[in-house]
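One file, final_35.cif, carrying mmCIF, C-alpha atoms:
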data_start
loop_
_atom_site.label_atom_id
_atom_site.label_comp_id
_atom_site.auth_asym_id
_atom_site.auth_seq_id
_atom_site.Cartn_x
_atom_site.Cartn_y
_atom_site.Cartn_z
CA MET A 1303 -4.90 -15.51 -21.27
CA SER A 1304 -1.90 -13.67 -19.81
CA ASP A 1305 -1.29 -13.70 -16.05
CA VAL A 1306 0.59 -10.37 -16.23
CA PHE A 1307 -0.95 -8.18 -13.57
CA LEU A 1308 1.43 -5.21 -13.57
CA SER A 1309 4.07 -4.28 -16.11
CA ILE A 1310 6.35 -1.30 -15.48
CA LYS A 1311 8.43 -0.33 -18.51
CA ASN A 1312 11.33 2.15 -18.52
CA LEU A 1313 9.94 4.16 -15.63
CA SER A 1314 11.73 7.44 -14.87
CA LYS A 1315 11.08 10.04 -12.19
CA SER A 1316 13.04 13.13 -11.12
CA PHE A 1317 12.51 15.76 -8.45
CA THR A 1318 13.59 19.39 -8.74
CA ILE A 1319 15.05 21.17 -5.71
CA TYR A 1320 14.46 24.75 -6.71
CA GLN A 1321 16.38 26.38 -3.85
CA ALA A 1322 19.53 24.50 -4.81
CA ASN A 1323 18.73 24.59 -8.54
CA LYS A 1324 19.25 20.83 -8.72
CA GLN A 1325 17.41 17.91 -10.24
CA ILE A 1326 17.50 14.59 -8.39
CA LYS A 1327 16.96 11.39 -10.39
CA ALA A 1328 14.86 9.10 -8.18
CA ILE A 1329 14.07 6.35 -10.73
CA ASN A 1330 16.03 5.65 -13.88
CA SER A 1331 14.55 3.43 -16.65
CA LEU A 1332 13.16 0.89 -14.20
CA SER A 1333 11.19 -2.13 -15.41
CA LEU A 1334 9.23 -4.69 -13.38
CA HIS A 1335 6.65 -7.34 -14.25
CA MET A 1336 4.30 -8.96 -11.75
CA ASN A 1337 1.91 -11.87 -12.17
CA LYS A 1338 -1.51 -12.05 -10.58
CA GLY A 1339 -1.39 -13.20 -6.95
CA GLU A 1340 2.36 -12.60 -6.55
CA PHE A 1341 3.97 -10.90 -3.59
CA VAL A 1342 7.08 -9.02 -4.71
CA GLY A 1343 9.41 -7.42 -2.16
CA ILE A 1344 11.80 -4.52 -2.72
CA THR A 1345 14.78 -3.85 -0.45
CA GLY A 1346 17.45 -1.16 -0.52
CA LYS A 1347 18.97 1.74 1.35
CA SER A 1348 17.03 4.87 2.21
CA GLY A 1349 16.99 7.26 -0.73
CA SER A 1350 17.37 4.53 -3.37
CA GLY A 1351 13.93 5.27 -4.87
CA LYS A 1352 11.83 2.47 -3.38
CA SER A 1353 8.94 4.57 -2.07
CA THR A 1354 8.91 6.60 -5.29
CA VAL A 1355 8.07 3.43 -7.24
CA LEU A 1356 4.98 2.84 -5.09
CA LYS A 1357 3.93 6.48 -5.29
CA CYS A 1358 4.18 6.43 -9.09
CA ILE A 1359 1.96 3.33 -9.22
CA TYR A 1360 -0.55 4.91 -6.82
CA ARG A 1361 -0.17 8.15 -8.79
CA THR A 1362 0.83 10.27 -5.82
CA ASN A 1363 3.77 11.15 -8.09
CA LEU A 1364 3.48 11.86 -11.80
CA VAL A 1365 6.13 10.07 -13.86
CA ASP A 1366 8.63 11.71 -16.23
CA GLY A 1367 8.59 8.80 -18.65
CA GLY A 1368 7.68 5.16 -19.11
CA ASN A 1369 4.54 3.11 -18.67
CA ILE A 1370 2.78 1.43 -15.74
CA LEU A 1371 0.39 -1.09 -17.26
CA TYR A 1372 -2.11 -2.51 -14.80
CA ASP A 1373 -4.70 -5.22 -15.52
CA SER A 1374 -7.69 -3.57 -13.86
CA GLU A 1375 -10.87 -5.44 -13.05
CA ALA A 1376 -12.94 -2.39 -14.02
CA PHE A 1377 -11.04 -0.98 -17.02
CA GLY A 1378 -8.97 -3.87 -18.37
CA MET A 1379 -5.32 -3.09 -19.15
CA ILE A 1380 -4.75 0.56 -18.24
CA ASP A 1381 -1.62 2.73 -18.18
CA LEU A 1382 -1.57 4.28 -14.71
CA ALA A 1383 0.92 6.88 -15.91
CA LYS A 1384 -1.68 8.25 -18.33
CA ALA A 1385 -5.00 7.34 -16.69
CA SER A 1386 -7.54 10.07 -15.95
CA GLU A 1387 -7.98 11.41 -12.42
CA ARG A 1388 -11.45 9.84 -12.31
CA GLU A 1389 -10.01 6.41 -13.18
CA ILE A 1390 -7.28 6.75 -10.55
CA ILE A 1391 -9.79 7.76 -7.86
CA TYR A 1392 -11.94 4.74 -8.75
CA LEU A 1393 -8.96 2.36 -8.58
CA ARG A 1394 -7.82 3.75 -5.24
CA ARG A 1395 -11.26 3.23 -3.83
CA TYR A 1396 -12.19 -0.17 -5.23
CA GLU A 1397 -9.02 -2.00 -6.29
CA PHE A 1398 -5.94 -0.55 -4.55
CA GLY A 1399 -4.80 -0.55 -0.96
CA TYR A 1400 -1.85 1.52 0.24
CA ILE A 1401 -0.08 1.12 3.57
CA SER A 1402 2.18 4.04 4.41
CA GLN A 1403 4.40 4.57 7.44
CA PHE A 1404 2.40 7.74 8.09
CA LEU A 1405 -1.27 8.14 8.97
CA HIS A 1406 -3.21 10.68 6.91
CA ALA A 1407 -6.72 11.14 8.24
CA LEU A 1408 -9.40 13.79 8.09
CA PRO A 1409 -9.59 16.01 11.19
CA ARG A 1410 -12.11 15.01 13.86
CA THR A 1411 -12.30 11.43 12.55
CA THR A 1412 -12.06 8.66 15.14
CA ALA A 1413 -10.04 5.49 14.76
CA LYS A 1414 -13.17 3.38 14.26
CA GLN A 1415 -14.57 5.84 11.68
CA ILE A 1416 -11.33 5.67 9.67
CA VAL A 1417 -11.44 1.88 9.37
CA ALA A 1418 -15.22 1.77 8.85
CA ALA A 1419 -14.94 4.36 6.03
CA SER A 1420 -12.45 2.09 4.27
CA ALA A 1421 -14.75 -0.91 4.82
CA LYS A 1422 -17.47 0.90 2.81
CA ASP A 1423 -15.57 -0.03 -0.35
CA ARG A 1424 -16.16 -3.74 0.36
CA TYR A 1425 -19.30 -4.05 2.47
CA GLU A 1426 -22.70 -2.64 1.54
CA SER A 1427 -24.51 -2.40 4.87
CA LYS A 1428 -23.40 -0.12 7.70
CA ASP A 1429 -23.67 -3.04 10.12
CA GLU A 1430 -21.20 -5.10 8.05
CA GLN A 1431 -18.85 -2.13 7.80
CA LEU A 1432 -18.81 -1.59 11.56
CA LYS A 1433 -18.37 -5.31 12.31
CA ALA A 1434 -15.45 -5.54 9.86
CA ALA A 1435 -13.86 -2.40 11.33
CA GLU A 1436 -14.21 -3.69 14.89
CA ALA A 1437 -12.76 -7.10 13.95
CA MET A 1438 -9.75 -5.44 12.34
CA LEU A 1439 -9.16 -3.09 15.30
CA LYS A 1440 -9.32 -6.09 17.65
CA HIS A 1441 -6.90 -8.06 15.45
CA PHE A 1442 -4.30 -5.32 15.80
CA GLU A 1443 -5.02 -4.98 19.53
CA ILE A 1444 -5.98 -1.33 19.37
CA ASP A 1445 -7.54 -0.73 22.79
CA GLU A 1446 -11.33 -0.42 22.67
CA GLU A 1447 -11.06 2.77 24.69
CA LEU A 1448 -9.23 4.32 21.71
CA TRP A 1449 -11.79 3.41 19.04
CA ASP A 1450 -13.74 6.65 19.51
CA VAL A 1451 -10.63 8.80 19.96
CA TYR A 1452 -8.99 11.02 17.32
CA PRO A 1453 -5.71 9.28 16.32
CA ASN A 1454 -3.58 12.45 16.46
CA THR A 1455 -2.99 11.46 20.09
CA PHE A 1456 -1.82 7.92 19.18
CA SER A 1457 1.76 6.70 19.37
CA GLY A 1458 3.67 6.03 16.14
CA GLY A 1459 3.07 2.29 16.43
CA GLU A 1460 -0.66 2.75 17.08
CA LYS A 1461 -0.99 5.04 14.05
CA LEU A 1462 0.78 2.50 11.84
CA ARG A 1463 -1.44 -0.35 13.07
CA LEU A 1464 -4.50 1.81 12.36
CA ASN A 1465 -3.17 2.55 8.88
CA ILE A 1466 -2.70 -1.14 8.19
CA ALA A 1467 -6.17 -1.96 9.54
CA ALA A 1468 -7.76 0.64 7.23
CA ALA A 1469 -5.91 -0.66 4.17
CA MET A 1470 -6.52 -4.35 4.80
CA VAL A 1471 -10.18 -4.21 5.92
CA LYS A 1472 -11.37 -3.86 2.32
CA HIS A 1473 -9.27 -6.84 1.10
CA PRO A 1474 -7.89 -4.91 -1.90
CA ARG A 1475 -7.15 -6.49 -5.25
CA PHE A 1476 -3.70 -4.85 -5.32
CA LEU A 1477 -1.90 -3.89 -2.11
CA LEU A 1478 1.10 -1.56 -1.91
CA LEU A 1479 3.07 -1.73 1.34
CA ASP A 1480 5.61 0.97 2.24
CA GLU A 1481 7.53 -0.29 5.29
CA PRO A 1482 4.46 -1.88 6.95
CA THR A 1483 6.45 -3.11 9.95
CA ALA A 1484 8.33 0.11 10.79
CA SER A 1485 8.01 0.98 14.51
CA LEU A 1486 6.05 -2.20 15.28
CA ASP A 1487 6.89 -4.66 18.04
CA ASN A 1488 7.34 -8.36 17.26
CA GLU A 1489 3.77 -9.30 18.24
CA SER A 1490 2.31 -6.62 15.97
CA LYS A 1491 4.61 -7.73 13.13
CA LYS A 1492 3.23 -11.25 13.50
CA LYS A 1493 -0.32 -9.92 13.17
CA VAL A 1494 0.63 -8.03 10.01
CA ARG A 1495 2.22 -11.17 8.60
CA ASP A 1496 -0.89 -13.24 9.43
CA LEU A 1497 -3.09 -10.86 7.45
CA ILE A 1498 -0.65 -10.67 4.54
CA GLU A 1499 -0.69 -14.47 4.35
CA GLN A 1500 -4.50 -14.42 4.46
CA LEU A 1501 -4.72 -11.84 1.66
CA LYS A 1502 -2.20 -13.80 -0.38
CA ALA A 1503 -4.31 -16.94 0.00
CA GLU A 1504 -7.32 -14.93 -1.22
CA GLY A 1505 -5.40 -13.92 -4.35
CA THR A 1506 -4.38 -10.34 -3.52
CA THR A 1507 -1.35 -9.18 -5.51
CA MET A 1508 1.17 -7.28 -3.36
CA LEU A 1509 4.22 -5.09 -3.84
CA GLY A 1510 6.07 -4.21 -0.66
CA ILE A 1511 9.08 -2.26 0.57
CA PHE A 1512 10.96 -3.70 3.53
CA HIS A 1513 14.05 -3.09 5.63
CA ASP A 1514 13.15 -6.00 7.89
CA LEU A 1515 14.63 -8.92 5.93
CA GLU A 1516 13.63 -11.43 8.61
CA PHE A 1517 9.97 -10.42 8.16
CA MET A 1518 10.25 -11.06 4.40
CA GLU A 1519 11.61 -14.58 4.86
CA GLY A 1520 9.28 -17.10 3.22
CA LEU A 1521 6.69 -14.41 2.47
CA CYS A 1522 7.73 -12.93 -0.88
CA ASP A 1523 7.67 -14.85 -4.14
CA ARG A 1524 10.42 -12.65 -5.57
CA GLU A 1525 12.73 -10.01 -4.13
CA PHE A 1526 14.56 -7.11 -5.78
CA ASN A 1527 17.29 -4.90 -4.38
CA MET A 1528 17.17 -1.26 -5.42
CA GLN A 1529 20.17 1.05 -5.71
CA ALA A 1530 20.38 4.52 -7.27
CA GLY A 1531 16.95 4.36 -8.90
CA GLY A 1532 17.19 0.88 -10.41
CA PHE A 1533 17.19 -2.82 -9.55
CA VAL A 1534 20.44 -4.73 -9.15
CA GLY A 1535 21.12 -8.45 -9.22
CA GLU A 1536 17.83 -9.36 -10.93
#
Hey, can you dump this file as structure tokens for me?
Amino acid sequence: MSDVFLSIKNLSKSFTIYQANKQIKAINSLSLHMNKGEFVGITGKSGSGKSTVLKCIYRTNLVDGGNILYDSEAFGMIDLAKASEREIIYLRRYEFGYISQFLHALPRTTAKQIVAASAKDRYESKDEQLKAAEAMLKHFEIDEELWDVYPNTFSGGEKLRLNIAAAMVKHPRFLLLDEPTASLDNESKKKVRDLIEQLKAEGTTMLGIFHDLEFMEGLCDREFNMQAGGFVGE
């Protein structure tokens, strides 16, 4: 039985800037293969296409060409580039986790509610969901006084820690990390690393984008550098 978990083949993605009548090539014939349980890191300058790769996998962006074959627990091998919206919604809820630099939350939703809502995808009882949410908020040292506060008042670092807590509380099968340590202090970075190591030990497969090379040290199984929409020095 193959251990191939994700296989990206000849992926291409462009964006059209209508005001300037220009088309920007973000990804150009990119290929990547990941095995189950691997942690692969991607580095590169801003604008090289790193985040676009993650967004194509998560299907925030529709691809222009190529395939993204994912070995799903629910559907078997599925092409994320061609999967139905219903399949993508299912995978986002039950198999994927996505850590962005930016917090996107429903209005009038407290910090604790955000993490507890994510915990629903792993824990059946409300009691378990709340306990898991509280444990994760404590891990990232989000002050208890802020748990019942709307996060639009949070600092950038607090919002990022909340984002990470919500993504990691459900222990996803496949975790995408887009600059998970941006705007975090050293102590918070250590807490992120601790949880990544825990998830890795549990068998979570991870694909992450990093500018912090020191953070990546000894954490990733393989690293790729991205320039102008493709990998170099593979």
Legend entry - Two-atom distance - atom CA of Thr1318 of chain A, atom CA of Arg1361 of chain A (Å):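 Between atom CA of Thr1318 of chain A and atom CA of Arg1361 of chain A the gap is 17.8 Å.
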Could you tell me, as a JSON list (two decimals) with C-alpha atoms, keeping the file's coordinate frame, which residues have any atom at most 8 Å from (7.1, -12.6, -2.4), counting all atoms listed in the file?
[["chain", "number", "residue", "atom", "x", "y", "z"],
["A", 1340, "GLU", "CA", 2.36, -12.60, -6.55],
["A", 1341, "PHE", "CA", 3.97, -10.90, -3.59],
["A", 1342, "VAL", "CA", 7.08, -9.02, -4.71],
["A", 1343, "GLY", "CA", 9.41, -7.42, -2.16],
["A", 1518, "MET", "CA", 10.25, -11.06, 4.40],
["A", 1520, "GLY", "CA", 9.28, -17.10, 3.22],
["A", 1521, "LEU", "CA", 6.69, -14.41, 2.47],
["A", 1522, "CYS", "CA", 7.73, -12.93, -0.88],
["A", 1523, "ASP", "CA", 7.67, -14.85, -4.14],
["A", 1524, "ARG", "CA", 10.42, -12.65, -5.57],
["A", 1525, "GLU", "CA", 12.73, -10.01, -4.13]]
Inset, instruction - Could you please determine the separation between atom CA of Leu1477 of chain A and atom CA of His1406 of chain A in Å, to one decimal place? - result: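 Atom CA of His1406 of chain A lies 17.2 Å from atom CA of Leu1477 of chain A.
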Inset, instruction - Can you pull out every residue within 10 Å of Met1379 of chain A, counting only C-alpha atoms, but drop anything in the same chain fewer than 3 positions away, and send it as number ranges by chain? - result: A: 1306-1309, 1370-1376, 1382
Legend entry - Residues returned when the PyMOL selection byres ((chain A and resi 1329) around 7) runs on this file, as number ranges by chain: A: 1313-1316, 1327-1328, 1330-1332, 1351, 1531-1532
Take the residues just selected and output them with C-alpha atoms as a PDB file, in the frame of the given file.
ATOM      1  CA  LEU A1313       9.940   4.160 -15.630  1.00  0.00           C
ATOM      2  CA  SER A1314      11.730   7.440 -14.870  1.00  0.00           C
ATOM      3  CA  LYS A1315      11.080  10.040 -12.190  1.00  0.00           C
ATOM      4  CA  SER A1316      13.040  13.130 -11.120  1.00  0.00           C
ATOM      5  CA  LYS A1327      16.960  11.390 -10.390  1.00  0.00           C
ATOM      6  CA  ALA A1328      14.860   9.100  -8.180  1.00  0.00           C
ATOM      7  CA  ASN A1330      16.030   5.650 -13.880  1.00  0.00           C
ATOM      8  CA  SER A1331      14.550   3.430 -16.650  1.00  0.00           C
ATOM      9  CA  LEU A1332      13.160   0.890 -14.200  1.00  0.00           C
ATOM     10  CA  GLY A1351      13.930   5.270  -4.870  1.00  0.00           C
ATOM     11  CA  GLY A1531      16.950   4.360  -8.900  1.00  0.00           C
ATOM     12  CA  GLY A1532      17.190   0.880 -10.410  1.00  0.00           C
TER      13      GLY A1532
END
